[in-house]
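Asks: Here it is, the structure, as structure tokens.
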Amino acid sequence: MESTRQQKINKLLQRDLGNIFQLESRNILGTGAMISVTKVTVSRDLATAHVYLSLFATDDKEGLMKSINKKKKEFRTLLGKKIRHQLRIVPELIFTLDDSLDYIENIENLLKED
């Protein structure tokens, strides 16, 4: 069960990381793919944040995730600049591919076939 503080930080990180990916991903990653932050879950001690990403307009999702993980430090630095007045410590970011939209689309296609 998440505390109220964790829920507020989840929303804060999701909003700020979404803005970072929207504005800075092209400069950092050099790709035109659209990256959406679907969910953020912060640990109890606020030291780590699991960030779930949906990737659009790209064929190589695994390669893009590897690039994002290589540039993790740059994304954390940009996040630190945005949240420096709200949090003392910028959480360590763990990026995970959120393929739930692909799964839903696959189910819908299977249902349409019948």
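To be explicit about the labels: the chains of the structure tokens are called A, B, and onward in the order shown, and within each one the residues are counted from 1, while ligands get numbers from 1 in the order they are shown.
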Could you pull the residues within 8 Å of stretch 55-70 of chain A, counting only C-alpha atoms, minus those fewer than 3 positions along the same chain, as an NGL selection string?
Replies: :A and (29 or 32-36 or 73 or 95-97)
Asks: Quick one: residues within 12 Å of A:Ser100, only C-alpha atoms, excluding same-chain residues fewer than 4 positions away - as a list in words?
Replies: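 My reading of the contact set: Thr38, Lys39, Tyr52, Leu53, Ser54, Leu55, Thr96, Ile104, Glu105, Asn106 and Ile107 of chain A.
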Asks: Please list as a list in words every residue within 12 Å of A:Ser3, counting only C-alpha atoms and excluding residues in the same chain fewer than 5 positions away.
Replies: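 Once the adjacent positions are removed, what remains is Lys8, Ile9, Asn10, Thr41, Val42, Ser43, Arg44, Asp45 and Leu46 of chain A.
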Asks: Between atom CA of A:Leu93 and atom CA of A:Lys72, what is the spacing in Å?
Replies: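 Atom-to-atom, atom CA of A:Lys72 and atom CA of A:Leu93 are spaced 7.1 Å apart.
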Asks: To test your reading of the structure, identify every residue in stretch 78-113 of chain A that backbone DSSP assigns to strand (DSSP E or B), and report it as a list in words.
Replies: Glu92, Leu93, Ile94, Phe95, Thr96 and Leu97 of chain A
Asks: What does the distance between atom CA of A:Lys71 and atom CA of A:Gln14 come to in Å, to one decimal place?
Replies: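 Rounded to one decimal, the two atoms are 17.8 Å apart.
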Asks: Can you pull out every residue within 12 Å of A:Gln86, counting only C-alpha atoms, but drop anything in the same chain fewer than 4 positions away, and send it as a PyMOL selection string?
Replies: chain A and resi 5+8-9+12-13+16+79-82+90
Asks: Between A:Leu87, A:Leu78, A:Val37, A:Val51, which has the minimum distance to A:Gly18 (counting only C-alpha atoms)?
Replies: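 With only C-alpha atoms as the atom set, the closest residue is A:Val37.
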Asks: Between atom CA of A:Ala47 and atom CA of A:Pro91, what distance in Å does the model show, to one decimal?
Replies: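 Answer for the atom CA of A:Ala47 to atom CA of A:Pro91 separation: 4.6 Å.
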Asks: So, counting only C-alpha atoms, which residue among A:Ile28, A:Arg84, A:Leu23, A:Ala49 is closest to A:Lys11?
Replies: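 Closest to A:Lys11 of all the choices is A:Ala49.
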Asks: DSSP on the backbone: what in stretch 68-114 of chain A comes out alpha helix (DSSP H), as a count of residues only?
Replies: 29
